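**Student:** Here you go, upload.txt (compact mmCIF, N, CA and C atoms):
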```txt
# COMPACT_ATOMS: atom_id res chain seq x y z
N MET A 61 0.84 -1.18 0.00
CA MET A 61 0.00 0.00 0.00
C MET A 61 0.89 1.24 0.00
N GLU A 62 0.69 2.09 -0.96
CA GLU A 62 1.50 3.31 -1.05
C GLU A 62 0.92 4.39 -0.15
N VAL A 63 1.81 5.04 0.60
CA VAL A 63 1.40 6.12 1.51
C VAL A 63 1.46 7.43 0.75
N PRO A 64 0.37 8.20 0.76
CA PRO A 64 0.41 9.50 0.08
C PRO A 64 1.36 10.45 0.81
N ILE A 65 2.12 11.21 0.03
CA ILE A 65 3.04 12.20 0.58
C ILE A 65 2.61 13.55 0.05
N LEU A 66 2.22 14.44 0.96
CA LEU A 66 1.77 15.78 0.59
C LEU A 66 2.89 16.77 0.83
N LYS A 67 2.92 17.82 0.02
CA LYS A 67 3.87 18.91 0.21
C LYS A 67 3.12 20.10 0.74
N GLN A 68 3.56 20.62 1.88
CA GLN A 68 2.95 21.78 2.51
C GLN A 68 4.06 22.78 2.78
N GLY A 69 4.21 23.78 1.92
CA GLY A 69 5.31 24.73 2.07
C GLY A 69 6.64 24.01 1.94
N HIS A 70 7.48 24.14 2.96
CA HIS A 70 8.79 23.48 2.95
C HIS A 70 8.77 22.12 3.62
N TYR A 71 7.57 21.59 3.88
CA TYR A 71 7.45 20.34 4.61
C TYR A 71 6.77 19.26 3.77
N LEU A 72 7.12 18.02 4.06
CA LEU A 72 6.45 16.87 3.48
C LEU A 72 5.66 16.19 4.59
N ILE A 73 4.46 15.77 4.27
CA ILE A 73 3.60 15.13 5.26
C ILE A 73 3.16 13.77 4.71
N ALA A 74 3.47 12.72 5.47
CA ALA A 74 3.05 11.37 5.11
C ALA A 74 2.14 10.86 6.21
N SER A 75 0.92 10.50 5.85
CA SER A 75 -0.05 10.01 6.81
C SER A 75 -0.27 8.53 6.58
N ILE A 76 0.20 7.72 7.51
CA ILE A 76 0.07 6.27 7.40
C ILE A 76 -1.31 5.88 7.91
N GLN A 77 -2.14 5.33 7.04
CA GLN A 77 -3.53 5.06 7.37
C GLN A 77 -3.80 3.63 7.81
N SER A 78 -2.86 2.72 7.57
CA SER A 78 -3.05 1.33 7.98
C SER A 78 -1.68 0.69 8.13
N ALA A 79 -1.68 -0.49 8.75
CA ALA A 79 -0.43 -1.21 8.94
C ALA A 79 0.25 -1.43 7.59
N LEU A 80 1.56 -1.23 7.58
CA LEU A 80 2.33 -1.39 6.35
C LEU A 80 3.24 -2.60 6.45
N SER A 81 3.45 -3.25 5.32
CA SER A 81 4.41 -4.35 5.29
C SER A 81 5.81 -3.76 5.37
N ASP A 82 6.78 -4.61 5.62
CA ASP A 82 8.17 -4.15 5.66
C ASP A 82 8.57 -3.52 4.33
N ALA A 83 8.11 -4.10 3.23
CA ALA A 83 8.43 -3.55 1.91
C ALA A 83 7.80 -2.18 1.72
N ASP A 84 6.56 -2.01 2.21
CA ASP A 84 5.90 -0.70 2.12
C ASP A 84 6.63 0.35 2.93
N LEU A 85 7.09 -0.02 4.13
CA LEU A 85 7.85 0.92 4.97
C LEU A 85 9.15 1.33 4.29
N SER A 86 9.82 0.37 3.69
CA SER A 86 11.07 0.67 2.99
C SER A 86 10.81 1.59 1.79
N GLN A 87 9.72 1.33 1.09
CA GLN A 87 9.35 2.18 -0.06
C GLN A 87 9.04 3.60 0.41
N LEU A 88 8.34 3.75 1.54
CA LEU A 88 8.03 5.06 2.09
C LEU A 88 9.33 5.80 2.44
N ARG A 89 10.25 5.10 3.08
CA ARG A 89 11.54 5.71 3.45
C ARG A 89 12.25 6.24 2.20
N GLU A 90 12.33 5.43 1.17
CA GLU A 90 13.02 5.83 -0.06
C GLU A 90 12.32 7.01 -0.73
N ALA A 91 10.99 6.96 -0.78
CA ALA A 91 10.22 8.04 -1.42
C ALA A 91 10.40 9.36 -0.69
N LEU A 92 10.35 9.32 0.64
CA LEU A 92 10.51 10.56 1.40
C LEU A 92 11.91 11.15 1.24
N ILE A 93 12.92 10.32 1.30
CA ILE A 93 14.29 10.82 1.16
C ILE A 93 14.50 11.41 -0.23
N ALA A 94 13.95 10.77 -1.24
CA ALA A 94 14.07 11.31 -2.61
C ALA A 94 13.36 12.66 -2.73
N ARG A 95 12.19 12.77 -2.12
CA ARG A 95 11.41 14.01 -2.24
C ARG A 95 12.01 15.15 -1.41
N VAL A 96 12.77 14.84 -0.38
CA VAL A 96 13.45 15.90 0.36
C VAL A 96 14.32 16.69 -0.60
N GLY A 97 15.09 16.00 -1.44
CA GLY A 97 15.94 16.67 -2.41
C GLY A 97 15.15 17.32 -3.54
N LYS A 98 14.17 16.59 -4.04
CA LYS A 98 13.38 17.09 -5.17
C LYS A 98 12.67 18.40 -4.83
N PHE A 99 12.08 18.47 -3.63
CA PHE A 99 11.30 19.64 -3.24
C PHE A 99 12.05 20.57 -2.29
N ARG A 100 13.32 20.25 -2.00
CA ARG A 100 14.13 21.04 -1.06
C ARG A 100 13.40 21.21 0.27
N ALA A 101 12.80 20.10 0.72
CA ALA A 101 12.02 20.10 1.95
C ALA A 101 12.93 20.33 3.16
N ARG A 102 12.42 21.06 4.14
CA ARG A 102 13.14 21.35 5.38
C ARG A 102 12.64 20.50 6.52
N GLY A 103 11.52 19.81 6.31
CA GLY A 103 10.98 18.97 7.37
C GLY A 103 10.06 17.90 6.83
N ILE A 104 9.94 16.83 7.61
CA ILE A 104 9.06 15.71 7.29
C ILE A 104 8.20 15.44 8.52
N ILE A 105 6.92 15.30 8.29
CA ILE A 105 6.02 14.88 9.35
C ILE A 105 5.44 13.53 8.94
N ILE A 106 5.56 12.56 9.84
CA ILE A 106 4.97 11.25 9.60
C ILE A 106 3.88 11.04 10.64
N ASP A 107 2.65 10.97 10.17
CA ASP A 107 1.49 10.82 11.04
C ASP A 107 1.14 9.34 11.17
N VAL A 108 1.26 8.82 12.40
CA VAL A 108 1.00 7.41 12.64
C VAL A 108 -0.24 7.21 13.52
N ALA A 109 -1.11 8.22 13.58
CA ALA A 109 -2.28 8.17 14.46
C ALA A 109 -3.19 6.98 14.18
N ALA A 110 -3.23 6.51 12.96
CA ALA A 110 -4.12 5.41 12.61
C ALA A 110 -3.55 4.04 12.97
N LEU A 111 -2.29 4.00 13.39
CA LEU A 111 -1.66 2.71 13.70
C LEU A 111 -1.96 2.28 15.13
N ASP A 112 -2.26 0.99 15.29
CA ASP A 112 -2.50 0.47 16.63
C ASP A 112 -1.36 -0.43 17.10
N VAL A 113 -0.29 -0.51 16.30
CA VAL A 113 0.89 -1.28 16.67
C VAL A 113 2.10 -0.71 15.94
N MET A 114 3.25 -0.79 16.61
CA MET A 114 4.51 -0.39 15.98
C MET A 114 5.54 -1.47 16.33
N ASP A 115 6.00 -2.19 15.31
CA ASP A 115 6.96 -3.26 15.59
C ASP A 115 8.40 -2.75 15.50
N SER A 116 9.35 -3.64 15.76
CA SER A 116 10.76 -3.24 15.79
C SER A 116 11.25 -2.79 14.41
N PHE A 117 10.79 -3.44 13.34
CA PHE A 117 11.21 -3.03 12.00
C PHE A 117 10.67 -1.64 11.67
N GLY A 118 9.42 -1.38 12.04
CA GLY A 118 8.83 -0.06 11.79
C GLY A 118 9.57 1.02 12.56
N SER A 119 9.87 0.77 13.82
CA SER A 119 10.61 1.74 14.63
C SER A 119 11.98 2.01 14.04
N ARG A 120 12.68 0.94 13.68
CA ARG A 120 14.02 1.07 13.09
C ARG A 120 13.99 1.81 11.76
N THR A 121 12.97 1.53 10.95
CA THR A 121 12.85 2.20 9.65
C THR A 121 12.60 3.69 9.84
N LEU A 122 11.73 4.06 10.78
CA LEU A 122 11.49 5.48 11.05
C LEU A 122 12.75 6.16 11.58
N LEU A 123 13.48 5.46 12.43
CA LEU A 123 14.73 6.01 12.97
C LEU A 123 15.75 6.24 11.84
N ASN A 124 15.91 5.26 10.97
CA ASN A 124 16.83 5.39 9.83
C ASN A 124 16.39 6.50 8.88
N LEU A 125 15.09 6.60 8.66
CA LEU A 125 14.54 7.65 7.81
C LEU A 125 14.88 9.02 8.38
N ALA A 126 14.66 9.20 9.67
CA ALA A 126 14.92 10.49 10.30
C ALA A 126 16.40 10.87 10.22
N HIS A 127 17.28 9.91 10.44
CA HIS A 127 18.71 10.20 10.37
C HIS A 127 19.14 10.53 8.94
N ALA A 128 18.62 9.80 7.97
CA ALA A 128 18.95 10.07 6.57
C ALA A 128 18.41 11.44 6.15
N ALA A 129 17.19 11.76 6.59
CA ALA A 129 16.61 13.06 6.26
C ALA A 129 17.44 14.19 6.86
N ARG A 130 17.90 14.00 8.09
CA ARG A 130 18.72 15.03 8.74
C ARG A 130 20.02 15.25 7.94
N LEU A 131 20.59 14.18 7.44
CA LEU A 131 21.80 14.31 6.62
C LEU A 131 21.52 15.06 5.33
N ARG A 132 20.26 15.04 4.89
CA ARG A 132 19.84 15.75 3.67
C ARG A 132 19.32 17.15 3.99
N GLY A 133 19.34 17.54 5.28
CA GLY A 133 18.94 18.88 5.65
C GLY A 133 17.51 19.05 6.12
N ALA A 134 16.82 17.95 6.41
CA ALA A 134 15.42 18.02 6.84
C ALA A 134 15.26 17.35 8.20
N GLU A 135 14.47 17.97 9.06
CA GLU A 135 14.13 17.38 10.36
C GLU A 135 12.89 16.51 10.18
N THR A 136 12.76 15.49 11.01
CA THR A 136 11.61 14.60 10.97
C THR A 136 10.88 14.65 12.30
N VAL A 137 9.56 14.67 12.23
CA VAL A 137 8.72 14.61 13.42
C VAL A 137 7.70 13.49 13.22
N ILE A 138 7.60 12.61 14.21
CA ILE A 138 6.58 11.56 14.21
C ILE A 138 5.43 12.08 15.06
N VAL A 139 4.23 12.09 14.50
CA VAL A 139 3.07 12.61 15.24
C VAL A 139 1.99 11.54 15.37
N GLY A 140 1.21 11.66 16.45
CA GLY A 140 0.02 10.85 16.59
C GLY A 140 0.21 9.47 17.18
N ILE A 141 1.31 9.22 17.89
CA ILE A 141 1.49 7.90 18.50
C ILE A 141 0.40 7.71 19.55
N GLN A 142 -0.39 6.67 19.38
CA GLN A 142 -1.50 6.38 20.29
C GLN A 142 -0.97 5.89 21.64
N PRO A 143 -1.70 6.14 22.73
CA PRO A 143 -1.23 5.73 24.06
C PRO A 143 -0.88 4.25 24.16
N GLU A 144 -1.73 3.39 23.60
CA GLU A 144 -1.47 1.94 23.67
C GLU A 144 -0.19 1.57 22.93
N VAL A 145 0.05 2.24 21.82
CA VAL A 145 1.26 1.99 21.04
C VAL A 145 2.48 2.45 21.83
N ALA A 146 2.37 3.61 22.47
CA ALA A 146 3.49 4.13 23.27
C ALA A 146 3.81 3.16 24.41
N PHE A 147 2.78 2.68 25.12
CA PHE A 147 3.01 1.73 26.21
C PHE A 147 3.67 0.46 25.71
N ALA A 148 3.17 -0.08 24.61
CA ALA A 148 3.74 -1.31 24.05
C ALA A 148 5.19 -1.10 23.61
N MET A 149 5.48 0.04 23.00
CA MET A 149 6.85 0.31 22.56
C MET A 149 7.80 0.37 23.76
N VAL A 150 7.36 1.02 24.83
CA VAL A 150 8.18 1.11 26.04
C VAL A 150 8.42 -0.28 26.62
N GLN A 151 7.39 -1.10 26.70
CA GLN A 151 7.52 -2.45 27.24
C GLN A 151 8.46 -3.31 26.41
N LEU A 152 8.47 -3.08 25.10
CA LEU A 152 9.33 -3.86 24.21
C LEU A 152 10.73 -3.25 24.06
N GLY A 153 10.95 -2.10 24.68
CA GLY A 153 12.26 -1.45 24.58
C GLY A 153 12.49 -0.77 23.25
N LEU A 154 11.42 -0.47 22.51
CA LEU A 154 11.55 0.21 21.22
C LEU A 154 11.53 1.72 21.46
N THR A 155 12.55 2.38 21.00
CA THR A 155 12.60 3.84 21.18
C THR A 155 12.78 4.52 19.83
N LEU A 156 12.41 5.75 19.81
CA LEU A 156 12.64 6.59 18.64
C LEU A 156 13.65 7.67 19.05
N LYS A 157 14.69 7.22 19.76
CA LYS A 157 15.70 8.14 20.28
C LYS A 157 16.30 8.97 19.15
N GLY A 158 16.30 10.27 19.36
CA GLY A 158 16.86 11.17 18.35
C GLY A 158 15.84 11.68 17.35
N ILE A 159 14.60 11.20 17.46
CA ILE A 159 13.54 11.67 16.56
C ILE A 159 12.55 12.48 17.39
N ALA A 160 12.19 13.63 16.87
CA ALA A 160 11.18 14.44 17.55
C ALA A 160 9.82 13.78 17.39
N THR A 161 9.01 13.87 18.44
CA THR A 161 7.64 13.39 18.39
C THR A 161 6.73 14.52 18.85
N ALA A 162 5.50 14.46 18.39
CA ALA A 162 4.51 15.47 18.79
C ALA A 162 3.15 14.79 18.89
N LEU A 163 2.27 15.43 19.64
CA LEU A 163 0.95 14.87 19.87
C LEU A 163 0.15 14.74 18.58
N ASP A 164 0.20 15.78 17.74
CA ASP A 164 -0.61 15.77 16.52
C ASP A 164 0.06 16.60 15.43
N LEU A 165 -0.60 16.68 14.30
CA LEU A 165 -0.06 17.39 13.14
C LEU A 165 0.21 18.86 13.46
N GLU A 166 -0.71 19.49 14.17
CA GLU A 166 -0.55 20.91 14.51
C GLU A 166 0.73 21.14 15.33
N GLU A 167 0.96 20.29 16.33
CA GLU A 167 2.18 20.44 17.14
C GLU A 167 3.43 20.09 16.33
N GLY A 168 3.30 19.14 15.42
CA GLY A 168 4.43 18.79 14.56
C GLY A 168 4.83 19.95 13.66
N LEU A 169 3.84 20.61 13.08
CA LEU A 169 4.12 21.78 12.24
C LEU A 169 4.74 22.91 13.06
N ALA A 170 4.24 23.13 14.26
CA ALA A 170 4.80 24.18 15.13
C ALA A 170 6.25 23.86 15.48
N PHE A 171 6.55 22.60 15.75
CA PHE A 171 7.93 22.20 16.04
C PHE A 171 8.86 22.51 14.87
N LEU A 172 8.43 22.12 13.66
CA LEU A 172 9.26 22.36 12.48
C LEU A 172 9.43 23.86 12.23
N ASP A 173 8.39 24.63 12.47
CA ASP A 173 8.50 26.09 12.32
C ASP A 173 9.54 26.65 13.29
N ARG A 174 9.53 26.17 14.54
CA ARG A 174 10.53 26.63 15.52
C ARG A 174 11.94 26.23 15.11
N GLN A 175 12.08 25.02 14.59
CA GLN A 175 13.39 24.55 14.12
C GLN A 175 13.89 25.44 12.98
N ALA A 176 13.00 25.74 12.04
CA ALA A 176 13.37 26.58 10.89
C ALA A 176 13.76 27.97 11.36
N GLN A 177 13.02 28.53 12.31
CA GLN A 177 13.35 29.86 12.83
C GLN A 177 14.70 29.84 13.52
N GLY A 178 14.99 28.78 14.24
CA GLY A 178 16.29 28.65 14.90
C GLY A 178 17.44 28.62 13.91
N ARG A 179 17.24 27.93 12.78
CA ARG A 179 18.29 27.90 11.74
C ARG A 179 18.51 29.29 11.16
N ILE A 180 17.42 30.04 10.95
CA ILE A 180 17.54 31.40 10.41
C ILE A 180 18.27 32.28 11.41
N ASP A 181 17.89 32.20 12.69
CA ASP A 181 18.54 33.00 13.72
C ASP A 181 20.03 32.68 13.81
N ASN A 182 20.37 31.40 13.72
CA ASN A 182 21.78 31.01 13.80
C ASN A 182 22.58 31.54 12.61
N ARG A 183 21.97 31.51 11.43
CA ARG A 183 22.68 32.02 10.25
C ARG A 183 22.88 33.52 10.33
N GLN A 184 21.90 34.24 10.84
CA GLN A 184 22.01 35.68 10.95
C GLN A 184 23.04 36.07 12.00
N GLY A 185 23.16 35.30 13.04
CA GLY A 185 24.11 35.62 14.09
C GLY A 185 25.52 35.12 13.82
N HIS A 186 25.67 34.24 12.86
CA HIS A 186 26.98 33.67 12.55
C HIS A 186 27.91 34.71 11.94
N GLY A 187 29.05 34.85 12.53
CA GLY A 187 30.05 35.75 11.96
C GLY A 187 29.92 37.20 12.41
N ARG A 188 28.89 37.50 13.19
CA ARG A 188 28.71 38.86 13.66
C ARG A 188 29.66 39.14 14.82
N ILE A 189 30.11 40.32 14.88
CA ILE A 189 30.96 40.73 15.99
C ILE A 189 30.13 41.62 16.91
N ASP A 190 30.05 41.21 18.16
CA ASP A 190 29.29 41.99 19.13
C ASP A 190 30.24 43.01 19.76
N ARG A 191 29.96 44.24 19.56
CA ARG A 191 30.84 45.29 20.07
C ARG A 191 30.34 45.88 21.37
N GLY A 192 29.30 45.25 21.94
CA GLY A 192 28.74 45.60 23.22
C GLY A 192 28.81 47.00 23.57
```
Mind turning this structure into structure tokens?
**Tutor:**
Amino acid sequence: MEVPILKQGHYLIASIQSALSDADLSQLREALIARVGKFRARGIIIDVAALDVMDSFGSRTLLNLAHAARLRGAETVIVGIQPEVAFAMVQLGLTLKGIATALDLEEGLAFLDRQAQGRIDNRQGHGRIDRG
């Protein structure tokens, strides 16, 4: 099942609507990384609100996706992890260490906006001499 990927400004949004096979997850990872370059995306939001389970392969794939996206200049946010999924992931020792998470799409977009503003602020302040 192919996951639709929407472009919203400088962000890509992928909403996973049902459980995906390992091959589908790998295809999603490849498609998102390719589109980061194609659209010069600065962020990726992956909405998993419809999922009622997250296995070790899915967690690892999302982790690898986020790290690859960061190397391409885009931050990744996972949104919508359901409480039962979060509890199960903790019990199984599955973490998304190093990946930002947010309650929902709105919070995910706000996070990416803050990240983008921070990059702009850092660039503007780089190389300036403060003469106090």
**Student:** What lies within 8 Å of A:Leu125 using only N, CA and C atoms, ignoring chain neighbours under 2 positions off, as a list in words?
**Tutor:**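 Near neighbours after the sequence-gap exclusion: Leu88, Arg89, Glu90, Leu92, Ile93, Ser119, Arg120, Thr121, Leu122, Leu123, His127, Ala128, Ala129, Arg130, Leu131, Glu135 and Thr136 of chain A.
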**Student:** Since we have the selection now, will you write its residues out, keeping N, CA and C atoms, as a short mmCIF file (atom, residue, chain, number, x, y, z; two decimals), in the coordinates of the input?
**Tutor:**
```
data_model
loop_
_atom_site.label_atom_id
_atom_site.label_comp_id
_atom_site.auth_asym_id
_atom_site.auth_seq_id
_atom_site.Cartn_x
_atom_site.Cartn_y
_atom_site.Cartn_z
N LEU A 88 8.34 3.75 1.54
CA LEU A 88 8.03 5.06 2.09
C LEU A 88 9.33 5.80 2.44
N ARG A 89 10.25 5.10 3.08
CA ARG A 89 11.54 5.71 3.45
C ARG A 89 12.25 6.24 2.20
N GLU A 90 12.33 5.43 1.17
CA GLU A 90 13.02 5.83 -0.06
C GLU A 90 12.32 7.01 -0.73
N LEU A 92 10.35 9.32 0.64
CA LEU A 92 10.51 10.56 1.40
C LEU A 92 11.91 11.15 1.24
N ILE A 93 12.92 10.32 1.30
CA ILE A 93 14.29 10.82 1.16
C ILE A 93 14.50 11.41 -0.23
N SER A 119 9.87 0.77 13.82
CA SER A 119 10.61 1.74 14.63
C SER A 119 11.98 2.01 14.04
N ARG A 120 12.68 0.94 13.68
CA ARG A 120 14.02 1.07 13.09
C ARG A 120 13.99 1.81 11.76
N THR A 121 12.97 1.53 10.95
CA THR A 121 12.85 2.20 9.65
C THR A 121 12.60 3.69 9.84
N LEU A 122 11.73 4.06 10.78
CA LEU A 122 11.49 5.48 11.05
C LEU A 122 12.75 6.16 11.58
N LEU A 123 13.48 5.46 12.43
CA LEU A 123 14.73 6.01 12.97
C LEU A 123 15.75 6.24 11.84
N HIS A 127 17.28 9.91 10.44
CA HIS A 127 18.71 10.20 10.37
C HIS A 127 19.14 10.53 8.94
N ALA A 128 18.62 9.80 7.97
CA ALA A 128 18.95 10.07 6.57
C ALA A 128 18.41 11.44 6.15
N ALA A 129 17.19 11.76 6.59
CA ALA A 129 16.61 13.06 6.26
C ALA A 129 17.44 14.19 6.86
N ARG A 130 17.90 14.00 8.09
CA ARG A 130 18.72 15.03 8.74
C ARG A 130 20.02 15.25 7.94
N LEU A 131 20.59 14.18 7.44
CA LEU A 131 21.80 14.31 6.62
C LEU A 131 21.52 15.06 5.33
N GLU A 135 14.47 17.97 9.06
CA GLU A 135 14.13 17.38 10.36
C GLU A 135 12.89 16.51 10.18
N THR A 136 12.76 15.49 11.01
CA THR A 136 11.61 14.60 10.97
C THR A 136 10.88 14.65 12.30
#
```
**Student:** Could you check which of A:Val145, A:Ala79, A:Val150, A:Ala134 is closest to A:Val96, using only C-alpha atoms?
**Tutor:**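 The closest residue to A:Val96 is A:Ala134.
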**Student:** I'd like to know which residues of chain A are strand (DSSP E) (by DSSP, run on the backbone); could you write them as a PDB file with N, CA and C atoms, in the coordinates of the input?
**Tutor:**
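Below is the file that was written, part26.pdb:
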```
ATOM      1  N   ILE A  65       2.120  11.210   0.030  1.00  0.00           N
ATOM      2  CA  ILE A  65       3.040  12.200   0.580  1.00  0.00           C
ATOM      3  C   ILE A  65       2.610  13.550   0.050  1.00  0.00           C
ATOM      4  N   LEU A  66       2.220  14.440   0.960  1.00  0.00           N
ATOM      5  CA  LEU A  66       1.770  15.780   0.590  1.00  0.00           C
ATOM      6  C   LEU A  66       2.890  16.770   0.830  1.00  0.00           C
ATOM      7  N   LYS A  67       2.920  17.820   0.020  1.00  0.00           N
ATOM      8  CA  LYS A  67       3.870  18.910   0.210  1.00  0.00           C
ATOM      9  C   LYS A  67       3.120  20.100   0.740  1.00  0.00           C
ATOM     10  N   GLN A  68       3.560  20.620   1.880  1.00  0.00           N
ATOM     11  CA  GLN A  68       2.950  21.780   2.510  1.00  0.00           C
ATOM     12  C   GLN A  68       4.060  22.780   2.780  1.00  0.00           C
ATOM     13  N   TYR A  71       7.570  21.590   3.880  1.00  0.00           N
ATOM     14  CA  TYR A  71       7.450  20.340   4.610  1.00  0.00           C
ATOM     15  C   TYR A  71       6.770  19.260   3.770  1.00  0.00           C
ATOM     16  N   LEU A  72       7.120  18.020   4.060  1.00  0.00           N
ATOM     17  CA  LEU A  72       6.450  16.870   3.480  1.00  0.00           C
ATOM     18  C   LEU A  72       5.660  16.190   4.590  1.00  0.00           C
ATOM     19  N   ILE A  73       4.460  15.770   4.270  1.00  0.00           N
ATOM     20  CA  ILE A  73       3.600  15.130   5.260  1.00  0.00           C
ATOM     21  C   ILE A  73       3.160  13.770   4.710  1.00  0.00           C
ATOM     22  N   ALA A  74       3.470  12.720   5.470  1.00  0.00           N
ATOM     23  CA  ALA A  74       3.050  11.370   5.110  1.00  0.00           C
ATOM     24  C   ALA A  74       2.140  10.860   6.210  1.00  0.00           C
ATOM     25  N   SER A  75       0.920  10.500   5.850  1.00  0.00           N
ATOM     26  CA  SER A  75      -0.050  10.010   6.810  1.00  0.00           C
ATOM     27  C   SER A  75      -0.270   8.530   6.580  1.00  0.00           C
ATOM     28  N   GLY A 103      11.520  19.810   6.310  1.00  0.00           N
ATOM     29  CA  GLY A 103      10.980  18.970   7.370  1.00  0.00           C
ATOM     30  C   GLY A 103      10.060  17.900   6.830  1.00  0.00           C
ATOM     31  N   ILE A 104       9.940  16.830   7.610  1.00  0.00           N
ATOM     32  CA  ILE A 104       9.060  15.710   7.290  1.00  0.00           C
ATOM     33  C   ILE A 104       8.200  15.440   8.520  1.00  0.00           C
ATOM     34  N   ILE A 105       6.920  15.300   8.290  1.00  0.00           N
ATOM     35  CA  ILE A 105       6.020  14.880   9.350  1.00  0.00           C
ATOM     36  C   ILE A 105       5.440  13.530   8.940  1.00  0.00           C
ATOM     37  N   ILE A 106       5.560  12.560   9.840  1.00  0.00           N
ATOM     38  CA  ILE A 106       4.970  11.250   9.600  1.00  0.00           C
ATOM     39  C   ILE A 106       3.880  11.040  10.640  1.00  0.00           C
ATOM     40  N   ASP A 107       2.650  10.970  10.170  1.00  0.00           N
ATOM     41  CA  ASP A 107       1.490  10.820  11.040  1.00  0.00           C
ATOM     42  C   ASP A 107       1.140   9.340  11.170  1.00  0.00           C
ATOM     43  N   GLU A 135      14.470  17.970   9.060  1.00  0.00           N
ATOM     44  CA  GLU A 135      14.130  17.380  10.360  1.00  0.00           C
ATOM     45  C   GLU A 135      12.890  16.510  10.180  1.00  0.00           C
ATOM     46  N   THR A 136      12.760  15.490  11.010  1.00  0.00           N
ATOM     47  CA  THR A 136      11.610  14.600  10.970  1.00  0.00           C
ATOM     48  C   THR A 136      10.880  14.650  12.300  1.00  0.00           C
ATOM     49  N   VAL A 137       9.560  14.670  12.230  1.00  0.00           N
ATOM     50  CA  VAL A 137       8.720  14.610  13.420  1.00  0.00           C
ATOM     51  C   VAL A 137       7.700  13.490  13.220  1.00  0.00           C
ATOM     52  N   ILE A 138       7.600  12.610  14.210  1.00  0.00           N
ATOM     53  CA  ILE A 138       6.580  11.560  14.210  1.00  0.00           C
ATOM     54  C   ILE A 138       5.430  12.080  15.060  1.00  0.00           C
ATOM     55  N   VAL A 139       4.230  12.090  14.500  1.00  0.00           N
ATOM     56  CA  VAL A 139       3.070  12.610  15.240  1.00  0.00           C
ATOM     57  C   VAL A 139       1.990  11.540  15.370  1.00  0.00           C
ATOM     58  N   ALA A 160      12.190  13.630  16.870  1.00  0.00           N
ATOM     59  CA  ALA A 160      11.180  14.440  17.550  1.00  0.00           C
ATOM     60  C   ALA A 160       9.820  13.780  17.390  1.00  0.00           C
ATOM     61  N   THR A 161       9.010  13.870  18.440  1.00  0.00           N
ATOM     62  CA  THR A 161       7.640  13.390  18.390  1.00  0.00           C
ATOM     63  C   THR A 161       6.730  14.520  18.850  1.00  0.00           C
ATOM     64  N   ALA A 162       5.500  14.460  18.390  1.00  0.00           N
ATOM     65  CA  ALA A 162       4.510  15.470  18.790  1.00  0.00           C
ATOM     66  C   ALA A 162       3.150  14.790  18.890  1.00  0.00           C
TER      67      ALA A 162
END
```
**Student:** Any chance you could tabulate, as JSON lines, the residues of stretch 122-153 of chain A at most 6 Å from stretch 163-166 of chain A with each one's nearest atom pair and distance in Å to one decimal, using only N, CA and C atoms, in chain and rising number order?
**Tutor:**
```
{"residue": "A:Val139", "atom": "C", "partner": "A:Leu163", "partner_atom": "C", "distance": 4.9}
{"residue": "A:Gly140", "atom": "N", "partner": "A:Leu163", "partner_atom": "C", "distance": 3.9}
{"residue": "A:Ile141", "atom": "N", "partner": "A:Leu163", "partner_atom": "C", "distance": 5.7}
```
**Student:** To one decimal in Å, tell me the separation between atom CA of A:Gly178 and atom CA of A:Lys98.
**Tutor:** 23.3 Å
**Student:** Using Å and a single decimal, report how far atom N of A:Val63 sits from atom CA of A:Ser75.
**Tutor:**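 Distance reported for this atom pair: 8.2 Å.
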**Student:** Between A:Gly118, A:Asp84, A:Thr161, A:Val113, which has the minimum distance to A:Ala148 (counting all atoms listed in the file)?
**Tutor:** A:Val113
**Student:** What is the distance between atom CA of A:Asp107 and atom CA of A:Met149, in Å to one decimal?
**Tutor:**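 A separation of 16.5 Å between them.
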**Student:** In the coordinates of the file, take the point (-1.2, 2.0, 2.1) and a cut-off of 7 Å; then, counting all atoms listed in the file, name each qualifying protein, DNA or RNA residue as a PyMOL selection string.
**Tutor:** chain A and resi 61-64+76-80
**Student:** Under the rule that all atoms listed in the file are counted, which of A:Gln142, A:Ile106, A:Ser81, A:Gly69 is the nearest residue to A:Gly168?
**Tutor:** A:Ile106
**Student:** List every residue of chain A that DSSP, applied to the backbone of this structure, places in helix (DSSP H, G or I), and write the result as a VMD selection string.
**Tutor:** chain A and resid 82 to 99 116 to 131 143 to 152 165 to 185
